[in-house]
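Structure first, commentary second.
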Amino acid sequence: MAKQDTARKVRPCPRLEGEIALPGDKSISHRAAIFNSLAKGKAEVSNFAPGRDCLATVNCLKALGVEISRKGSGNLLISGTGGDGLTEASDVLDAWNSATTMRLLSGLLSSQPFLSIVTGDASLRSRPMGRLIEPLRSMGAEIYGRGKDSFAPLVIKGGKLRGIEFLLPLPTAQIKSAILLAGLFAQGKTVLHQPVPSRDHSERLLKRMGAQLESNGNSISLSPLTSPLSPVNLCVPGDISSAAYFLVAGAIHPDARIIVRNCGTNPTRTGIIDALLAMGAKLRIEKERWEADEPLADIVVESSELRGIELGGDIIPRLIDEIPILAVAGSVAKGKTVIRGAAELRVKESDRIASVSRELSKMGVDIEELPDGMVIHGGRLLMGTDVDSHSDHRLAMSLAIAGLIAEGETTINHAGIAQVSYPTFWQDLFSLQAEVLSRSSERSEEAAKEQRSSLIDFSN
Ligand code: S3P
């Protein structure tokens, strides 16, 4: 496994061409693992997200007594406990860097008749947990956090809960899903109202597995389970948040054509496609299809002349994780790109408003921080230099894409953190160049090797 402190070097390459087989969607994978663990019977989940975040969820579920095994690469076999078969873990549960693991499991564990302690790495221990504790407590949960119930580690003495009607103060799918998980085992209905819809993978999968859940506009109503969930076999669609790096790479590179295959296109996640199209990207969606009530498609992107846009309001939750890479697109686009209404970026794996602005300015981008977003005056030539991921996977990968079109060499420090969501990112990026080389009959294997190593230096 790549160390987080690994540095990667990226240099511009003459052409980017090829196909990307995406890792499974992280949000869907967490949910497929958790919900199938509660179902009665066995389920097979293929193309399960390979990153550390989803592995953290699997490890926690195993520690709670769920039988989960690997079947080949990327396939999980889950033996569901039927909802009343989870057992107290013998140690602290560690969610590592994954807020989704911590928040979703805390909702579930609030309803289980035993004690749980959930912790995470330094980044996760600094992220807000009051927003989780407050609604769970109003359901009757005994849940406590460090710093006057603000941060992890969390201590949860699970027990009987009651359904609530709750207005989510923010469009957050993690808190929504935590409350839904608690609501499955509560007494009485749980009704949630969202200010703006957030990703709806939990609702889709729970319905598919037989939960009595109705979504109506911005409201969701869930009845407690009267019988266990039915297991569901599924092949997880590719992660659009991982695809975003290649969609932007293809659009900003002067000579590119990239196809991302099997990409999830759930409308609560496709803000990045809408934003890139509005910026003038040459992007096509092909062969739309369905898998376990989730849409997916192939997406083709080609070199484009991008222009700056203004983003804010309802689109923000639909592209919240893609803002670092959109900032790279904005840096290259002609004119001004303004992103507002995204204060949530301050409490992600890093303070992404500060970290993105800081690192892109090192590369010569004219970028201003706003309290809830950023203003980018695009169109300047980016300069390769030493940048840092701030131990944030999305920043590491965004800076690598910026390096592809910068002058000279870009060194991304702490680049190994990409393994949190996309362990094969560097190889996949590398393969786009290799594909071009393999089509060139004139180049010798030696020259091809030399060319390949000039794209990304794997030596350290
Ligand atoms: C996620 C929800 C979002 C997103 C995160 C994954 C999920 O977080 O940023 O990467 O799988 O539910 P919030 O719920 O905090 O908005």
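Simple scheme: letters A, B, ... for chains in structure tokens order, numbers from 1 for residues in each chain, numbers from 1 for ligands in the order shown.
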Problem set entry | Residue list (alpha helix (DSSP H), DSSP) for segment 98-347 of chain A, as a ChimeraX atom specification | /A:99-109,122-125,130-138,146-149,173-184,201-208,240-252,271-278,316-319,323-332
For this session: With only C-alpha atoms and all ligand atoms counted, collect every polymer residue having an atom within 9 Å of ligand 1; state the result as a ChimeraX atom specification.
Result: /A:26-31,98-101,103-104,170-177,198-202,241,317,319-321,344-345,347-349
Pick out the residues sitting within 8 Å of Asp298 of chain A, and hand them over as a compact mmCIF listing (two decimals) with all heavy atoms, in the first residue's frame; count only C-alpha atoms, and ignore anything fewer than 2 positions along from it in its own chain.
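Output saved as selection-v8.txt:
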# COMPACT_ATOMS: atom_id res chain seq x y z
N ILE A 259 -12.48 8.21 -22.37
CA ILE A 259 -13.80 7.61 -22.11
C ILE A 259 -13.78 7.05 -20.69
O ILE A 259 -12.86 6.30 -20.33
CB ILE A 259 -14.09 6.45 -23.08
CG1 ILE A 259 -13.92 6.92 -24.53
CG2 ILE A 259 -15.49 5.89 -22.87
CD1 ILE A 259 -14.11 5.83 -25.57
N VAL A 260 -14.75 7.45 -19.88
CA VAL A 260 -14.89 6.79 -18.58
C VAL A 260 -16.08 5.85 -18.67
O VAL A 260 -17.16 6.23 -19.10
CB VAL A 260 -15.02 7.78 -17.38
CG1 VAL A 260 -13.76 8.56 -17.16
CG2 VAL A 260 -16.19 8.72 -17.54
N ARG A 261 -15.83 4.60 -18.32
CA ARG A 261 -16.85 3.55 -18.49
C ARG A 261 -17.64 3.33 -17.19
O ARG A 261 -17.08 3.46 -16.10
CB ARG A 261 -16.19 2.21 -18.83
CG ARG A 261 -15.44 2.21 -20.14
CD ARG A 261 -16.36 1.84 -21.28
NE ARG A 261 -15.62 1.79 -22.53
CZ ARG A 261 -16.11 2.18 -23.70
NH1 ARG A 261 -17.35 2.64 -23.78
NH2 ARG A 261 -15.38 2.11 -24.79
N ASN A 262 -18.90 2.97 -17.34
CA ASN A 262 -19.74 2.55 -16.21
C ASN A 262 -19.79 3.57 -15.08
O ASN A 262 -19.65 3.22 -13.91
CB ASN A 262 -19.26 1.20 -15.65
CG ASN A 262 -19.26 0.14 -16.70
OD1 ASN A 262 -20.20 0.05 -17.50
ND2 ASN A 262 -18.20 -0.65 -16.76
N CYS A 263 -19.98 4.82 -15.44
CA CYS A 263 -19.95 5.88 -14.44
C CYS A 263 -21.36 6.11 -13.88
O CYS A 263 -22.32 6.29 -14.64
CB CYS A 263 -19.44 7.16 -15.10
SG CYS A 263 -19.36 8.54 -13.96
N ILE A 285 -22.69 11.84 -23.01
CA ILE A 285 -23.10 10.71 -22.16
C ILE A 285 -23.67 9.64 -23.09
O ILE A 285 -24.54 9.93 -23.90
CB ILE A 285 -24.15 11.16 -21.14
CG1 ILE A 285 -23.50 12.22 -20.24
CG2 ILE A 285 -24.69 9.99 -20.33
CD1 ILE A 285 -24.39 12.78 -19.19
N GLU A 286 -23.15 8.41 -22.98
CA GLU A 286 -23.57 7.35 -23.90
C GLU A 286 -24.03 6.11 -23.14
O GLU A 286 -23.57 5.86 -22.03
CB GLU A 286 -22.39 6.93 -24.78
CG GLU A 286 -21.95 8.03 -25.71
CD GLU A 286 -20.78 7.62 -26.60
OE1 GLU A 286 -20.13 6.59 -26.32
OE2 GLU A 286 -20.52 8.35 -27.57
N LYS A 287 -24.85 5.32 -23.77
CA LYS A 287 -25.27 4.00 -23.27
C LYS A 287 -25.76 4.06 -21.82
O LYS A 287 -25.21 3.39 -20.94
CB LYS A 287 -24.10 3.00 -23.35
CG LYS A 287 -23.59 2.76 -24.75
CD LYS A 287 -22.64 1.58 -24.75
CE LYS A 287 -21.77 1.60 -25.98
NZ LYS A 287 -20.39 1.34 -25.78
N GLU A 288 -26.79 4.87 -21.59
CA GLU A 288 -27.33 4.93 -20.22
C GLU A 288 -28.03 3.63 -19.86
O GLU A 288 -28.71 3.03 -20.70
CB GLU A 288 -28.29 6.11 -20.10
CG GLU A 288 -27.53 7.41 -19.95
CD GLU A 288 -28.42 8.57 -19.60
OE1 GLU A 288 -29.02 9.12 -20.53
OE2 GLU A 288 -28.50 8.91 -18.41
N LEU A 296 -26.38 4.52 -14.68
CA LEU A 296 -24.96 4.64 -15.02
C LEU A 296 -24.82 4.78 -16.53
O LEU A 296 -25.75 4.50 -17.27
CB LEU A 296 -24.13 3.48 -14.46
CG LEU A 296 -24.32 2.09 -15.00
CD1 LEU A 296 -23.06 1.27 -14.75
CD2 LEU A 296 -25.48 1.41 -14.32
N VAL A 300 -17.81 10.39 -22.59
CA VAL A 300 -16.68 10.69 -23.47
C VAL A 300 -16.39 12.18 -23.35
O VAL A 300 -17.30 13.00 -23.41
CB VAL A 300 -17.04 10.39 -24.95
CG1 VAL A 300 -15.81 10.57 -25.84
CG2 VAL A 300 -17.62 9.00 -25.08
Exercise. How would you write, as a VMD selection string, the set of residues in segment 35-93 of chain A that DSSP gives as strand (DSSP E)?
Worked result: chain A and resid 40 to 46 67 to 70 76 to 81 93
Quick one: write out the picked residues with N, CA, C and O atoms as a compact mmCIF listing (two decimals), in the first residue's frame?
# COMPACT_ATOMS: atom_id res chain seq x y z
N LYS A 40 -31.43 -10.22 5.93
CA LYS A 40 -31.47 -11.64 6.30
C LYS A 40 -31.04 -12.44 5.07
O LYS A 40 -31.79 -12.52 4.09
N GLY A 41 -29.83 -12.97 5.09
CA GLY A 41 -29.34 -13.76 3.95
C GLY A 41 -28.05 -13.19 3.39
O GLY A 41 -27.51 -12.21 3.89
N LYS A 42 -27.58 -13.86 2.33
CA LYS A 42 -26.26 -13.52 1.78
C LYS A 42 -26.41 -12.59 0.59
O LYS A 42 -27.37 -12.71 -0.18
N ALA A 43 -25.44 -11.71 0.41
CA ALA A 43 -25.44 -10.83 -0.77
C ALA A 43 -24.03 -10.77 -1.33
O ALA A 43 -23.04 -10.87 -0.59
N GLU A 44 -23.96 -10.62 -2.66
CA GLU A 44 -22.66 -10.43 -3.30
C GLU A 44 -22.62 -9.03 -3.88
O GLU A 44 -23.50 -8.64 -4.64
N VAL A 45 -21.59 -8.29 -3.50
CA VAL A 45 -21.44 -6.92 -4.00
C VAL A 45 -20.16 -6.89 -4.83
O VAL A 45 -19.07 -7.10 -4.30
N SER A 46 -20.31 -6.64 -6.14
CA SER A 46 -19.10 -6.59 -6.97
C SER A 46 -18.77 -5.14 -7.30
O SER A 46 -19.60 -4.24 -7.11
N GLU A 67 -20.19 -11.43 9.07
CA GLU A 67 -19.26 -12.23 8.25
C GLU A 67 -19.16 -11.61 6.87
O GLU A 67 -20.15 -11.58 6.13
N ILE A 68 -17.97 -11.12 6.54
CA ILE A 68 -17.76 -10.53 5.21
C ILE A 68 -16.48 -11.13 4.66
O ILE A 68 -15.45 -11.14 5.34
N SER A 69 -16.56 -11.65 3.45
CA SER A 69 -15.33 -12.19 2.85
C SER A 69 -15.17 -11.64 1.44
O SER A 69 -16.13 -11.17 0.83
N ARG A 70 -13.93 -11.73 0.96
CA ARG A 70 -13.66 -11.28 -0.41
C ARG A 70 -13.84 -12.46 -1.35
O ARG A 70 -13.43 -13.57 -1.04
N LEU A 76 -17.40 -8.61 -2.73
CA LEU A 76 -17.60 -8.93 -1.31
C LEU A 76 -18.76 -9.88 -1.17
O LEU A 76 -19.77 -9.73 -1.85
N LEU A 77 -18.61 -10.84 -0.25
CA LEU A 77 -19.74 -11.71 0.11
C LEU A 77 -20.13 -11.34 1.53
O LEU A 77 -19.30 -11.40 2.45
N ILE A 78 -21.36 -10.92 1.71
CA ILE A 78 -21.80 -10.45 3.03
C ILE A 78 -22.90 -11.37 3.54
O ILE A 78 -23.90 -11.61 2.85
N SER A 79 -22.70 -11.89 4.77
CA SER A 79 -23.76 -12.72 5.37
C SER A 79 -24.52 -11.83 6.33
O SER A 79 -24.04 -11.52 7.43
N GLY A 80 -25.69 -11.39 5.93
CA GLY A 80 -26.48 -10.46 6.75
C GLY A 80 -26.88 -11.08 8.08
O GLY A 80 -27.09 -12.30 8.17
N THR A 81 -26.98 -10.25 9.10
CA THR A 81 -27.29 -10.74 10.45
C THR A 81 -28.78 -10.74 10.72
O THR A 81 -29.22 -11.13 11.80
N LEU A 93 -13.96 1.08 17.57
CA LEU A 93 -14.13 0.99 16.11
C LEU A 93 -13.39 2.16 15.48
O LEU A 93 -13.55 3.30 15.93
Exercise. From the list A:Ala63, A:Ile412, A:Ala122, A:Leu311, which residue is nearest Ala278 of chain A when using only C-alpha atoms?
Worked result: A:Leu311
For this session: Can you pull out every residue within 8 Å of Val356 of chain A, counting only C-alpha atoms, but drop anything in the same chain fewer than 2 positions away, and send it as a list in words?
Result: Pro324, Ala327, Arg352, Ile353, Ala354, Arg358, Glu359, Leu360 and Leu395 of chain A
Problem set entry | Surrounding residues of Asp372 of chain A excluding itself and chain neighbours under 5 positions, 10 Å, only C-alpha atoms, as a PyMOL selection string | chain A and resi 312+339-346+353
Residues from last step as file, C-alpha atoms, as a compact mmCIF listing (two decimals), in the first residue's frame:
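Result file follows (selection.txt):
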# COMPACT_ATOMS: atom_id res chain seq x y z
CA GLY A 312 -24.12 28.37 -6.13
CA ILE A 339 -18.24 29.34 -6.36
CA ARG A 340 -20.53 30.36 -3.47
CA GLY A 341 -22.73 28.62 -0.92
CA ALA A 342 -20.11 25.95 -0.30
CA ALA A 343 -19.04 26.70 3.30
CA GLU A 344 -19.26 22.93 3.96
CA LEU A 345 -15.92 22.68 2.14
CA ARG A 346 -14.33 24.12 5.28
CA ILE A 353 -11.50 26.51 0.47
Exercise. Out of A:Ala244, A:Ala256, A:Arg127, A:Pro371, which residue has the shortest atom-to-atom distance to Ala329 of chain A when counting only C-alpha atoms?
Worked result: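 Looking only at the distances to Ala329 of chain A, the closest residue turns out to be A:Ala244.
Counting from atom CA of Leu399 of chain A, the distance to atom CA of Ser357 of chain A is 11.4 Å.
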For this session: Can you work out the spacing between atom CA of Thr411 of chain A and atom CA of Phe425 of chain A in Å, to one decimal?
Result: 15.7 Å
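Counting only C-alpha atoms, the residue from A:Leu192, A:Leu184, A:Ile20, A:Val375 that sits nearest to Val301 of chain A is A:Ile20.
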For this session: Pick out the closest residue to Ala211 of chain A from this set: A:Ala152, A:Leu61, A:Leu225, A:Leu38. Count only C-alpha atoms.
Result: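 Closest candidate: A:Leu225.
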For this session: Find the residues around Lys207 of chain A up to 12 Å (only C-alpha atoms counted), leave out those fewer than 4 positions away in its own chain, and share them as a ChimeraX atom specification.
Result: /A:35,180,184,200-203,211-215,220-223,225,229-232,292-293
Would you mind exporting the chosen residues as a CSV table (one decimal), in the first residue's frame, restricted to C-alpha atoms?
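Output (part_33.csv):
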chain,number,residue,atom,x,y,z
A,35,PHE,CA,-27.5,-2.4,4.7
A,180,LEU,CA,-32.6,6.7,8.6
A,184,LEU,CA,-35.2,1.5,10.9
A,200,ASP,CA,-30.1,9.7,-2.3
A,201,HIS,CA,-28.3,6.4,-2.4
A,202,SER,CA,-29.6,5.4,1.0
A,203,GLU,CA,-33.2,6.0,0.0
A,211,ALA,CA,-37.9,-0.8,3.7
A,212,GLN,CA,-41.1,1.2,3.9
A,213,LEU,CA,-39.7,4.4,2.7
A,214,GLU,CA,-41.3,7.2,0.7
A,215,SER,CA,-39.6,10.2,-0.7
A,220,ILE,CA,-38.7,11.4,3.4
A,221,SER,CA,-40.8,9.2,5.5
A,222,LEU,CA,-39.6,5.9,6.9
A,223,SER,CA,-41.5,3.3,8.9
A,225,LEU,CA,-38.7,-2.5,10.0
A,229,LEU,CA,-34.3,-6.1,4.9
A,230,SER,CA,-33.9,-8.4,1.9
A,231,PRO,CA,-30.3,-8.8,0.7
A,232,VAL,CA,-29.4,-7.3,-2.6
A,292,ALA,CA,-29.9,-1.7,-8.6
A,293,ASP,CA,-32.1,1.4,-9.2
